[in-house]
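Asker: See structure36.cif below, with mmCIF, C-alpha atoms and all ligand atoms.
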data_entry
#
loop_
_atom_site.label_atom_id
_atom_site.label_comp_id
_atom_site.auth_asym_id
_atom_site.auth_seq_id
_atom_site.Cartn_x
_atom_site.Cartn_y
_atom_site.Cartn_z
CA MET A 1 -66.83 20.00 53.79
CA ILE A 2 -66.80 23.14 55.97
CA ASP A 3 -66.43 26.34 53.96
CA PHE A 4 -64.11 28.20 56.36
CA MET A 5 -64.98 31.52 54.70
CA ARG A 6 -68.79 31.12 54.97
CA HIS A 7 -69.96 28.59 57.55
CA PRO A 8 -69.91 29.15 61.31
CA HIS A 9 -67.62 26.52 62.78
CA ARG A 10 -65.49 25.58 65.77
CA ARG A 11 -61.72 25.37 65.61
CA PHE A 12 -59.57 23.43 68.05
CA ASN A 13 -56.46 24.90 69.67
CA PRO A 14 -54.16 21.86 70.02
CA LEU A 15 -51.64 23.93 71.99
CA ASN A 16 -53.95 24.54 74.97
CA GLY A 17 -56.70 22.00 74.27
CA THR A 18 -59.62 24.47 73.97
CA TRP A 19 -62.13 25.32 71.21
CA ILE A 20 -63.08 28.66 69.66
CA LEU A 21 -66.13 29.68 67.60
CA VAL A 22 -65.51 31.26 64.17
CA SER A 23 -68.32 33.27 62.55
CA PRO A 24 -66.91 34.41 59.18
CA HIS A 25 -70.29 35.60 57.83
CA ARG A 26 -70.53 38.20 60.58
CA THR A 27 -67.76 40.63 59.69
CA ASP A 28 -69.97 43.28 58.11
CA ARG A 29 -72.34 43.77 61.06
CA PRO A 30 -72.95 47.43 61.98
CA TRP A 31 -71.15 49.00 64.92
CA GLN A 32 -72.69 51.62 67.20
CA GLY A 33 -70.66 50.70 70.26
CA GLN A 34 -67.61 52.16 71.94
CA VAL A 35 -65.06 53.92 69.77
CA GLU A 36 -61.51 54.08 71.14
CA LYS A 37 -59.19 57.01 71.13
CA THR A 38 -55.97 55.68 69.66
CA ALA A 39 -54.27 58.83 68.46
CA VAL A 40 -51.10 58.98 70.53
CA ASP A 41 -49.41 62.33 70.99
CA ALA A 42 -45.91 62.42 69.53
CA GLN A 43 -43.53 61.54 72.36
CA PRO A 44 -40.37 63.47 73.24
CA ASP A 45 -37.15 61.42 73.26
CA TYR A 46 -36.82 62.26 76.97
CA ASP A 47 -39.75 62.93 79.34
CA PRO A 48 -38.85 64.46 82.72
CA ASN A 49 -42.06 62.96 84.19
CA CYS A 50 -41.46 59.40 82.95
CA TYR A 51 -40.50 56.93 85.67
CA LEU A 52 -38.57 54.80 83.14
CA CYS A 53 -36.42 57.49 81.48
CA PRO A 54 -32.70 57.58 82.46
CA GLY A 55 -31.85 59.60 85.57
CA ASN A 56 -35.50 60.03 86.63
CA ALA A 57 -37.05 59.21 90.01
CA ARG A 58 -39.43 56.24 90.10
CA ALA A 59 -42.76 56.18 91.95
CA GLY A 60 -41.25 53.93 94.61
CA GLY A 61 -38.55 56.48 95.49
CA ALA A 62 -35.58 54.87 93.70
CA ARG A 63 -33.78 56.75 90.93
CA ASN A 64 -32.87 55.26 87.53
CA PRO A 65 -29.19 55.40 86.56
CA ALA A 66 -28.23 57.40 83.46
CA TYR A 67 -28.46 54.20 81.40
CA THR A 68 -27.51 54.34 77.71
CA SER A 69 -28.79 50.99 76.39
CA THR A 70 -31.05 48.55 78.29
CA PHE A 71 -31.93 48.70 82.00
CA VAL A 72 -33.58 46.13 84.31
CA PHE A 73 -34.86 46.79 87.85
CA ASP A 74 -36.99 45.03 90.45
CA ASN A 75 -40.63 46.12 90.06
CA ASP A 76 -41.46 48.63 92.82
CA TYR A 77 -45.00 47.21 92.93
CA ALA A 78 -44.19 43.54 92.43
CA ALA A 79 -47.11 41.08 92.17
CA MET A 80 -44.94 38.36 93.77
CA LEU A 81 -42.27 38.75 96.45
CA PRO A 82 -39.14 36.63 97.01
CA GLY A 83 -39.44 36.40 100.80
CA THR A 84 -42.96 34.93 100.85
CA PRO A 85 -43.00 31.96 103.25
CA ALA A 86 -44.04 28.57 101.85
CA GLY A 87 -47.46 27.24 102.79
CA THR A 88 -50.56 25.53 101.46
CA GLU A 89 -54.22 25.38 102.49
CA ASP A 90 -56.80 22.76 101.64
CA ARG A 91 -60.19 22.70 103.31
CA ASN A 92 -62.27 19.75 102.11
CA GLY A 93 -60.79 20.05 98.64
CA LEU A 94 -62.81 23.23 98.19
CA LEU A 95 -60.82 26.05 99.70
CA ILE A 96 -57.38 25.47 98.22
CA ALA A 97 -54.49 27.95 98.24
CA ALA A 98 -50.71 27.92 97.98
CA ALA A 99 -48.13 30.61 98.76
CA GLU A 100 -46.53 31.98 95.59
CA PRO A 101 -43.06 33.44 96.15
CA GLY A 102 -41.57 35.10 93.10
CA ILE A 103 -39.63 37.97 91.56
CA CYS A 104 -41.01 40.71 89.30
CA ARG A 105 -38.80 42.95 87.22
CA VAL A 106 -39.21 45.69 84.63
CA GLY A 107 -36.92 45.88 81.58
CA CYS A 108 -36.41 49.11 79.64
CA PHE A 109 -35.57 48.45 75.99
CA SER A 110 -33.92 51.80 75.30
CA PRO A 111 -33.13 55.13 76.99
CA ARG A 112 -35.26 56.74 74.24
CA HIS A 113 -38.77 57.49 75.52
CA ASP A 114 -40.20 57.91 72.00
CA LEU A 115 -39.22 54.56 70.47
CA THR A 116 -41.23 51.37 70.00
CA VAL A 117 -39.96 47.88 69.11
CA SER A 118 -40.96 48.60 65.50
CA ARG A 119 -38.81 51.74 65.42
CA MET A 120 -35.70 50.38 67.15
CA SER A 121 -32.74 49.11 65.12
CA VAL A 122 -32.11 45.35 64.84
CA PRO A 123 -28.72 45.66 66.64
CA ASP A 124 -30.38 47.55 69.54
CA LEU A 125 -33.22 45.00 69.66
CA THR A 126 -30.61 42.23 69.74
CA LEU A 127 -29.31 43.76 72.98
CA VAL A 128 -32.87 43.47 74.33
CA VAL A 129 -32.95 39.77 73.32
CA ASP A 130 -29.62 39.35 75.16
CA VAL A 131 -31.21 40.83 78.29
CA TRP A 132 -34.23 38.50 78.02
CA ALA A 133 -31.97 35.46 77.62
CA GLU A 134 -29.87 36.56 80.60
CA GLN A 135 -32.95 37.25 82.78
CA TYR A 136 -34.54 33.91 81.83
CA ALA A 137 -31.35 32.07 82.80
CA ASP A 138 -30.61 34.14 85.92
CA LEU A 139 -34.14 33.91 87.36
CA GLY A 140 -34.76 30.36 86.15
CA ARG A 141 -31.69 29.01 87.91
CA GLN A 142 -32.96 30.19 91.31
CA PRO A 143 -34.31 27.20 93.23
CA HIS A 144 -37.75 28.62 94.06
CA ILE A 145 -38.43 29.86 90.50
CA GLY A 146 -40.42 27.31 88.45
CA HIS A 147 -41.36 29.53 85.53
CA VAL A 148 -40.28 32.85 83.97
CA GLN A 149 -42.82 34.91 82.00
CA ILE A 150 -41.46 37.78 79.88
CA PHE A 151 -44.15 39.99 78.33
CA GLU A 152 -44.83 43.42 76.88
CA ASN A 153 -48.04 45.43 77.21
CA ARG A 154 -48.01 47.98 74.40
CA GLY A 155 -50.47 50.88 74.30
CA ALA A 156 -52.91 52.24 76.86
CA MET A 157 -55.66 50.03 75.38
CA MET A 158 -53.76 46.95 76.54
CA GLY A 159 -53.03 48.37 79.96
CA ALA A 160 -49.50 49.66 79.44
CA SER A 161 -48.95 52.28 82.11
CA ASN A 162 -46.31 54.19 80.17
CA PRO A 163 -45.30 54.62 76.49
CA HIS A 164 -41.57 54.22 77.28
CA PRO A 165 -40.54 50.94 75.53
CA HIS A 166 -40.40 48.30 78.27
CA CYS A 167 -41.36 44.78 79.27
CA GLN A 168 -42.24 43.04 82.47
CA ILE A 169 -40.79 39.81 83.84
CA TRP A 170 -42.80 37.75 86.30
CA ALA A 171 -40.91 34.79 87.71
CA GLY A 172 -42.98 32.61 90.04
CA SER A 173 -42.63 29.32 91.82
CA SER A 174 -45.47 27.56 89.95
CA VAL A 175 -46.25 27.09 86.25
CA PRO A 176 -49.20 29.42 85.44
CA THR A 177 -52.48 28.07 84.07
CA GLU A 178 -52.06 28.84 80.34
CA VAL A 179 -48.46 27.58 80.29
CA ALA A 180 -49.50 24.45 82.19
CA ALA A 181 -52.19 23.76 79.56
CA GLU A 182 -49.66 24.14 76.72
CA GLN A 183 -47.26 21.94 78.63
CA ARG A 184 -49.88 19.22 79.05
CA GLU A 185 -50.80 19.26 75.34
CA GLN A 186 -47.19 19.30 74.11
CA ALA A 187 -46.28 16.44 76.45
CA ALA A 188 -49.34 14.42 75.36
CA TRP A 189 -48.50 14.97 71.67
CA ARG A 190 -44.93 13.84 72.20
CA ALA A 191 -46.04 10.76 74.16
CA ALA A 192 -48.63 9.77 71.53
CA ARG A 193 -46.65 10.49 68.34
CA GLY A 194 -43.01 10.74 69.32
CA SER A 195 -42.71 14.16 67.65
CA CYS A 196 -43.05 17.82 68.66
CA LEU A 197 -46.47 19.46 68.34
CA LEU A 198 -45.16 22.84 67.16
CA CYS A 199 -42.49 21.32 64.84
CA ASP A 200 -45.31 19.34 63.18
CA TYR A 201 -47.65 22.36 63.12
CA LEU A 202 -45.03 24.68 61.63
CA ALA A 203 -44.24 22.16 58.87
CA LEU A 204 -47.95 21.98 57.99
CA GLU A 205 -48.34 25.77 57.93
CA ARG A 206 -45.22 26.32 55.82
CA GLU A 207 -46.47 23.75 53.31
CA SER A 208 -49.69 25.69 52.60
CA GLY A 209 -48.39 29.18 53.41
CA GLU A 210 -51.99 30.28 53.88
CA ARG A 211 -51.54 31.61 57.39
CA VAL A 212 -47.81 32.46 57.33
CA VAL A 213 -47.07 36.21 57.60
CA CYS A 214 -43.27 36.36 57.32
CA GLU A 215 -40.15 34.31 58.04
CA ASN A 216 -36.40 34.47 58.40
CA ASP A 217 -33.87 31.63 58.66
CA SER A 218 -34.70 30.93 62.33
CA PHE A 219 -38.32 32.02 62.94
CA ALA A 220 -41.73 32.07 61.27
CA ALA A 221 -44.63 34.38 62.16
CA LEU A 222 -48.12 33.08 61.42
CA VAL A 223 -51.75 33.63 62.33
CA PRO A 224 -52.60 30.36 64.09
CA PHE A 225 -55.56 28.38 62.69
CA TRP A 226 -57.19 28.71 66.14
CA ALA A 227 -56.53 32.47 66.61
CA VAL A 228 -58.97 34.31 68.88
CA TRP A 229 -57.73 37.92 68.76
CA PRO A 230 -58.31 39.74 65.43
CA PHE A 231 -54.68 39.97 64.25
CA GLU A 232 -53.24 37.41 66.63
CA VAL A 233 -49.80 36.15 65.61
CA MET A 234 -47.70 33.26 66.85
CA LEU A 235 -43.96 33.37 66.40
CA VAL A 236 -42.35 29.91 66.25
CA SER A 237 -38.68 28.94 66.10
CA LYS A 238 -37.76 26.74 63.14
CA ARG A 239 -35.29 24.77 65.22
CA HIS A 240 -36.66 22.76 68.14
CA LEU A 241 -35.48 25.15 70.86
CA THR A 242 -37.09 24.95 74.30
CA ALA A 243 -36.02 28.40 75.54
CA MET A 244 -33.77 31.41 74.92
CA ASP A 245 -30.84 29.84 76.76
CA GLU A 246 -30.47 27.51 73.75
CA PHE A 247 -30.27 30.32 71.16
CA ASP A 248 -26.98 30.91 69.38
CA ALA A 249 -25.85 34.46 68.52
CA ALA A 250 -27.39 34.34 65.03
CA GLU A 251 -30.74 33.25 66.47
CA ARG A 252 -30.77 36.16 68.91
CA GLY A 253 -30.26 38.55 66.00
CA ARG A 254 -32.95 36.85 63.95
CA LEU A 255 -35.44 37.04 66.81
CA ALA A 256 -34.77 40.81 66.91
CA ASP A 257 -35.26 40.97 63.13
CA ILE A 258 -38.64 39.24 63.11
CA LEU A 259 -39.95 41.18 66.14
CA LYS A 260 -39.27 44.42 64.29
CA ARG A 261 -40.88 43.11 61.10
CA ILE A 262 -44.08 41.88 62.82
CA THR A 263 -44.56 45.09 64.81
CA THR A 264 -43.94 47.27 61.73
CA ARG A 265 -46.57 45.30 59.80
CA TYR A 266 -48.92 45.83 62.77
CA ASP A 267 -48.30 49.60 62.73
CA ASN A 268 -49.20 49.62 59.04
CA VAL A 269 -52.55 47.77 59.47
CA PHE A 270 -54.39 50.70 61.09
CA ALA A 271 -52.65 53.47 62.95
CA ALA A 272 -49.25 53.32 64.59
CA PRO A 273 -48.43 52.42 67.29
CA PHE A 274 -50.51 49.24 67.16
CA PRO A 275 -51.47 48.06 70.69
CA TYR A 276 -50.90 44.49 71.86
CA THR A 277 -49.89 42.22 74.68
CA MET A 278 -47.09 39.88 73.63
CA GLY A 279 -44.98 37.40 75.50
CA PHE A 280 -42.68 34.42 75.18
CA HIS A 281 -43.61 30.89 76.16
CA GLN A 282 -40.53 28.98 77.18
CA ARG A 283 -39.52 25.81 79.00
CA PRO A 284 -40.55 25.97 82.67
CA THR A 285 -37.56 26.31 85.00
CA ASP A 286 -38.86 23.74 87.47
CA GLY A 287 -35.88 21.43 87.02
CA GLY A 288 -37.44 19.20 84.34
CA ALA A 289 -35.72 18.73 80.96
CA HIS A 290 -39.00 19.43 79.08
CA PRO A 291 -38.01 18.10 75.64
CA GLU A 292 -41.69 18.57 74.64
CA TRP A 293 -41.44 22.38 74.92
CA HIS A 294 -41.08 24.40 71.73
CA PHE A 295 -40.12 28.08 72.09
CA HIS A 296 -42.76 30.49 70.78
CA ALA A 297 -44.29 33.91 71.31
CA HIS A 298 -47.92 35.05 71.21
CA TYR A 299 -49.09 38.48 70.06
CA TYR A 300 -52.61 39.38 71.20
CA PRO A 301 -53.71 42.69 69.63
CA PRO A 302 -57.20 44.02 70.54
CA LEU A 303 -57.95 46.15 67.44
CA LEU A 304 -60.69 44.69 65.26
CA ARG A 305 -61.77 46.64 62.20
CA SER A 306 -60.08 50.01 62.50
CA ALA A 307 -57.87 51.95 64.86
CA THR A 308 -60.93 52.80 66.94
CA ILE A 309 -62.94 49.56 67.18
CA ARG A 310 -61.63 46.93 69.53
CA LYS A 311 -62.54 43.42 70.53
CA PHE A 312 -63.84 42.74 74.04
CA MET A 313 -64.04 39.28 75.57
CA VAL A 314 -67.65 39.52 76.82
CA GLY A 315 -71.00 37.74 76.69
CA PHE A 316 -70.80 34.34 75.06
CA GLU A 317 -67.01 34.52 75.25
CA MET A 318 -67.05 34.75 79.07
CA LEU A 319 -69.92 32.31 79.48
CA GLY A 320 -69.25 29.89 76.65
CA MET A 321 -66.12 30.08 74.53
CA PRO A 322 -64.07 32.68 72.64
CA GLN A 323 -65.42 33.76 69.26
CA ARG A 324 -64.01 35.62 66.29
CA ASP A 325 -65.42 37.09 63.10
CA ILE A 326 -62.44 37.65 60.84
CA THR A 327 -60.86 34.37 59.84
CA ALA A 328 -57.22 33.53 60.55
CA GLU A 329 -56.74 33.23 56.77
CA SER A 330 -58.03 36.73 55.97
CA ALA A 331 -56.04 38.27 58.85
CA ALA A 332 -52.88 36.54 57.60
CA ALA A 333 -53.49 37.77 54.03
CA ARG A 334 -53.94 41.32 55.31
CA LEU A 335 -50.76 41.19 57.43
CA ARG A 336 -48.83 39.67 54.50
CA ALA A 337 -49.89 42.58 52.29
CA MET A 338 -48.42 45.13 54.74
CA PRO A 339 -44.99 46.62 54.07
CA GLU A 340 -42.13 46.06 56.54
CA THR A 341 -41.25 49.76 56.61
CA HIS A 342 -43.43 52.47 58.12
P1 LIG B 401 -46.85 48.10 82.45
O1 LIG B 401 -46.71 49.31 81.57
O2 LIG B 401 -46.98 46.82 81.65
O3 LIG B 401 -47.95 48.30 83.47
O4 LIG B 401 -45.49 47.95 83.27
C1 LIG B 401 -44.99 48.93 84.12
C2 LIG B 401 -44.55 48.33 85.44
O5 LIG B 401 -43.69 49.26 86.07
C3 LIG B 401 -45.70 48.07 86.42
O6 LIG B 401 -45.71 46.69 86.75
C4 LIG B 401 -43.86 49.20 87.47
C5 LIG B 401 -45.35 48.92 87.65
O7 LIG B 401 -45.55 48.21 88.85
N1 LIG B 401 -43.41 50.45 88.05
C6 LIG B 401 -42.33 50.45 88.92
O8 LIG B 401 -41.79 49.39 89.23
N2 LIG B 401 -41.84 51.64 89.41
C7 LIG B 401 -42.41 52.85 89.14
O9 LIG B 401 -41.91 53.86 89.56
C8 LIG B 401 -43.67 52.91 88.35
C9 LIG B 401 -44.11 51.65 87.68
ZN ZN B 402 -39.42 57.56 79.37
#
In structure tokens, write the structure found in this file.
Answerer:
Amino acid sequence: MIDFMRHPHRRFNPLNGTWILVSPHRTDRPWQGQVEKTAVDAQPDYDPNCYLCPGNARAGGARNPAYTSTFVFDNDYAAMLPGTPAGTEDRNGLLIAAAEPGICRVGCFSPRHDLTVSRMSVPDLTLVVDVWAEQYADLGRQPHIGHVQIFENRGAMMGASNPHPHCQIWAGSSVPTEVAAEQREQAAWRAARGSCLLCDYLALERESGERVVCENDSFAALVPFWAVWPFEVMLVSKRHLTAMDEFDAAERGRLADILKRITTRYDNVFAAPFPYTMGFHQRPTDGGAHPEWHFHAHYYPPLLRSATIRKFMVGFEMLGMPQRDITAESAAARLRAMPETH
């Protein structure tokens, strides 16, 4: 028997088919490395220099309207462009390339520069969920869009360029690598067992409760058994929904509720605001029915042991496989112990 709390071991991620190394005995090693600056200056509710605040000029020359709720615009520095001509290259199966037309947008969650998801109200966050559902459907229905990725970079440590609460939407013609891996594994599970991988996984996790952080009637937040990032969380719908276009009104509200609860718990672990990259994994919009897809979100926070010590993916992790010290079980227990108010 492996003692998950003492013995180095590998864990398998059935969602993307990869392994990670867990070294639970290693958590008390000394640290003389880089220490991050996480203290964030208190933000004003309006910043005249912010390119996302209402009424302000953006870097690209456009001006934001005086929006009072949510606001979506085409990214002025889009990574993919809609007019890109189709084309592929293949030289001896070694030099392979394909044109990638797409659409990139930015979504502001609120006119308030000083808010975070954790400090917005559930009704206001529900309006953000409405925007995501609308964007997923609107972009996904366009013929050259095969996949829509909605994500949020929060905090300078995770590369967010601006503290104003916002997300990015990257809609491309192909299914990106990580999503394609999850797609392959979910399809294989369904073909082999006739059931859904994440429905089965969620049932198992709710039975033990060991890695579950919090739940409402429609969603559960848990630290996956195969987590790589220190306080990684996966949010899974209880109903077998493939994407946001299948949510009813109550489910939109409950997604808002659990997003606020997870991010508030995060803020309470070390120092607020807790940095992370998060995003939703939804049914590709490539025309397939994708009954194997189960809606979920991933939170990848970099902070390790305090507000100033972060995880880097270096060394063995770049050359071999990802590794973590704190177990999924201890991270889940710690997140469970956190209050849901600041
Ligand atoms: P991040 O904070 O996750 O970097 O998102 C901000 C996005 O906003 C980024 O993709 C875009 C950047 O290209 N942006 C504009 O579209 N217009 C601007 O005036 C500045 C930033
Ligand atoms: Zn702003």
Asker: Please write out the residues within 7 Å of ligand LIG 401 (chain B) as a ChimeraX atom specification, counting all atoms listed in the file.
Answerer: /A:51,58-60,74-78,106,152-153,159-162,167-168
Asker: Is it possible to get the residues within 12 Å of (-56.1, 44.4, 73.0) (coordinates as in the file, counting only C-alpha atoms) written as a count of residues only?
Answerer: 34
Asker: Pick out the residues no farther than 7 Å from ligand ZN 402 (chain B), counting all atoms listed in the file, and list them as a CSV table (one decimal) with C-alpha atoms, in the frame of the given file.
Answerer:
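Below is the file that was written, pocket.csv:
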chain,number,residue,atom,x,y,z
A,46,TYR,CA,-36.8,62.3,77.0
A,47,ASP,CA,-39.8,62.9,79.3
A,50,CYS,CA,-41.5,59.4,83.0
A,51,TYR,CA,-40.5,56.9,85.7
A,52,LEU,CA,-38.6,54.8,83.1
A,53,CYS,CA,-36.4,57.5,81.5
A,112,ARG,CA,-35.3,56.7,74.2
A,113,HIS,CA,-38.8,57.5,75.5
A,164,HIS,CA,-41.6,54.2,77.3
Asker: Set the distance at 8 Å and use all atoms listed in the file: which residues neighbour Arg10 of chain A once local chain neighbours fewer than 2 positions away are removed? I'd like the list as a ChimeraX atom specification.
Answerer: /A:8,12,19-22
Asker: Set the distance at 12 Å and use all atoms listed in the file: which residues neighbour Leu125 of chain A once local chain neighbours fewer than 2 positions away are removed? I'd like the list as a VMD selection string.
Answerer: chain A and resid 69 to 70 108 to 110 115 to 123 127 to 132 165 to 166 252 to 261
Asker: What does the distance from atom CA of Ile2 of chain A to atom CA of Arg206 of chain A come to in Å, to one decimal?
Answerer: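 It comes out at 21.8 Å.
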Asker: Which one of A:Gly279, A:Ala331, A:Glu246, A:Glu185 sits closest to Glu134 of chain A if you count all atoms listed in the file?
Answerer: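 Distance minimum relative to Glu134 of chain A lands on A:Glu246.
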Asker: Counting all atoms listed in the file, which residue out of A:Ala66, A:Ala137, A:Ala187, A:Val175 sits closest to Phe247 of chain A?
Answerer: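 Using all atoms listed in the file, Phe247 of chain A sits closest to A:Ala137.
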Asker: For a test of reading the model, state the distance in Å between atom CA of Thr264 of chain A and atom CA of Leu202 of chain A, rounded to one decimal.
Answerer: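 These atoms are spaced 22.6 Å apart.
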Asker: For Ile169 of chain A, which residue among A:Glu210, A:Glu215, A:Asp245, A:Asp138 is the nearest when counting all atoms listed in the file?
Answerer: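 When distances to Ile169 of chain A are compared using all atoms listed in the file, the smallest one comes from A:Asp138.
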Asker: Skip His294 of chain A itself and residues of its chain fewer than 3 positions away, then list as a list of chain:residue names all residues within 6 Å of it, counting all atoms listed in the file.
Answerer: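 Listed by chain and then number, they are A:His240, A:Leu241, A:Thr242.
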Asker: So what do you get for atom CA of Pro85 of chain A versus atom CA of Trp170 of chain A, distance-wise?
Answerer: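 So the answer is 17.9 Å.
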Asker: Would you list the contacts of Trp189 of chain A as a PyMOL selection string, taking every protein, DNA or RNA residue within 10 Å and counting only C-alpha atoms, but skipping same-chain residues closer than 5 positions in sequence?
Answerer: chain A and resi 14-15+183-184+194-198+292
Asker: Go through A:Arg336, A:Arg63, A:Arg305, A:Arg6 and flag the residue nearest Phe270 of chain A, using only C-alpha atoms for the distances.
Answerer: A:Arg305
Asker: If you count all atoms listed in the file, which residues fall within 12 Å of Pro101 of chain A, apart from same-chain ones fewer than 3 positions away, as a compact mmCIF listing (two decimals) with C-alpha atoms, in the frame of the given file?
Answerer:
# COMPACT_ATOMS: atom_id res chain seq x y z
CA ALA A 78 -44.19 43.54 92.43
CA ALA A 79 -47.11 41.08 92.17
CA MET A 80 -44.94 38.36 93.77
CA LEU A 81 -42.27 38.75 96.45
CA PRO A 82 -39.14 36.63 97.01
CA GLY A 83 -39.44 36.40 100.80
CA THR A 84 -42.96 34.93 100.85
CA PRO A 85 -43.00 31.96 103.25
CA ALA A 86 -44.04 28.57 101.85
CA GLY A 87 -47.46 27.24 102.79
CA ALA A 98 -50.71 27.92 97.98
CA CYS A 104 -41.01 40.71 89.30
CA GLN A 142 -32.96 30.19 91.31
CA PRO A 143 -34.31 27.20 93.23
CA HIS A 144 -37.75 28.62 94.06
CA ILE A 145 -38.43 29.86 90.50
CA GLY A 146 -40.42 27.31 88.45
CA HIS A 147 -41.36 29.53 85.53
CA TRP A 170 -42.80 37.75 86.30
CA ALA A 171 -40.91 34.79 87.71
CA GLY A 172 -42.98 32.61 90.04
CA SER A 173 -42.63 29.32 91.82
CA SER A 174 -45.47 27.56 89.95
Asker: Pick from A:Glu178, A:Ser237, A:Trp226, A:Ala97: nearest to Pro322 of chain A, with only C-alpha atoms counted?
Answerer: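 For Pro322 of chain A, the nearest of the given residues is A:Trp226.
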Asker: Kindly indicate which residue among A:Val314, A:Ala332, A:Pro111, A:Phe4 lies nearest to Glu205 of chain A, using only C-alpha atoms for the distances.
Answerer: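 Of the candidates, the smallest distance to Glu205 of chain A is held by A:Ala332.
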Asker: Since the input lacks some atoms of segment 151-156 of chain A, please model all heavy atoms and print them as a PDB file, in the frame of the given file.
Answerer:
ATOM      1  N   PHE A 151     -43.058  39.488  79.171  1.00  0.00           N
ATOM      2  CA  PHE A 151     -44.150  39.990  78.330  1.00  0.00           C
ATOM      3  C   PHE A 151     -44.097  41.506  78.184  1.00  0.00           C
ATOM      4  O   PHE A 151     -43.465  42.201  78.983  1.00  0.00           O
ATOM      5  CB  PHE A 151     -45.519  39.560  78.885  1.00  0.00           C
ATOM      6  CG  PHE A 151     -45.853  40.113  80.253  1.00  0.00           C
ATOM      7  CD1 PHE A 151     -46.654  41.240  80.383  1.00  0.00           C
ATOM      8  CD2 PHE A 151     -45.367  39.507  81.402  1.00  0.00           C
ATOM      9  CE1 PHE A 151     -46.978  41.755  81.642  1.00  0.00           C
ATOM     10  CE2 PHE A 151     -45.672  40.018  82.667  1.00  0.00           C
ATOM     11  CZ  PHE A 151     -46.480  41.136  82.779  1.00  0.00           C
ATOM     12  N   GLU A 152     -44.754  41.981  77.134  1.00  0.00           N
ATOM     13  CA  GLU A 152     -44.830  43.420  76.880  1.00  0.00           C
ATOM     14  C   GLU A 152     -46.281  43.824  76.680  1.00  0.00           C
ATOM     15  O   GLU A 152     -46.968  43.255  75.827  1.00  0.00           O
ATOM     16  CB  GLU A 152     -44.034  43.780  75.602  1.00  0.00           C
ATOM     17  CG  GLU A 152     -44.106  45.278  75.278  1.00  0.00           C
ATOM     18  CD  GLU A 152     -43.591  45.648  73.869  1.00  0.00           C
ATOM     19  OE1 GLU A 152     -43.363  44.743  73.041  1.00  0.00           O
ATOM     20  OE2 GLU A 152     -43.440  46.859  73.612  1.00  0.00           O
ATOM     21  N   ASN A 153     -46.752  44.794  77.466  1.00  0.00           N
ATOM     22  CA  ASN A 153     -48.040  45.430  77.210  1.00  0.00           C
ATOM     23  C   ASN A 153     -47.747  46.699  76.435  1.00  0.00           C
ATOM     24  O   ASN A 153     -46.996  47.553  76.910  1.00  0.00           O
ATOM     25  CB  ASN A 153     -48.741  45.819  78.514  1.00  0.00           C
ATOM     26  CG  ASN A 153     -49.135  44.609  79.334  1.00  0.00           C
ATOM     27  OD1 ASN A 153     -49.535  43.590  78.791  1.00  0.00           O
ATOM     28  ND2 ASN A 153     -49.004  44.722  80.647  1.00  0.00           N
ATOM     29  N   ARG A 154     -48.298  46.810  75.246  1.00  0.00           N
ATOM     30  CA  ARG A 154     -48.010  47.980  74.400  1.00  0.00           C
ATOM     31  C   ARG A 154     -49.295  48.767  74.181  1.00  0.00           C
ATOM     32  O   ARG A 154     -50.266  48.195  73.679  1.00  0.00           O
ATOM     33  CB  ARG A 154     -47.428  47.496  73.055  1.00  0.00           C
ATOM     34  CG  ARG A 154     -47.077  48.583  72.081  1.00  0.00           C
ATOM     35  CD  ARG A 154     -45.780  49.281  72.466  1.00  0.00           C
ATOM     36  NE  ARG A 154     -45.944  50.716  72.365  1.00  0.00           N
ATOM     37  CZ  ARG A 154     -45.083  51.602  72.844  1.00  0.00           C
ATOM     38  NH1 ARG A 154     -43.988  51.221  73.476  1.00  0.00           N
ATOM     39  NH2 ARG A 154     -45.312  52.876  72.706  1.00  0.00           N
ATOM     40  N   GLY A 155     -49.302  50.031  74.549  1.00  0.00           N
ATOM     41  CA  GLY A 155     -50.470  50.880  74.300  1.00  0.00           C
ATOM     42  C   GLY A 155     -51.419  50.896  75.488  1.00  0.00           C
ATOM     43  O   GLY A 155     -51.617  49.887  76.156  1.00  0.00           O
ATOM     44  N   ALA A 156     -52.005  52.057  75.724  1.00  0.00           N
ATOM     45  CA  ALA A 156     -52.910  52.240  76.860  1.00  0.00           C
ATOM     46  C   ALA A 156     -54.073  51.258  76.783  1.00  0.00           C
ATOM     47  O   ALA A 156     -54.547  50.755  77.805  1.00  0.00           O
ATOM     48  CB  ALA A 156     -53.436  53.680  76.866  1.00  0.00           C
TER      49      ALA A 156
END
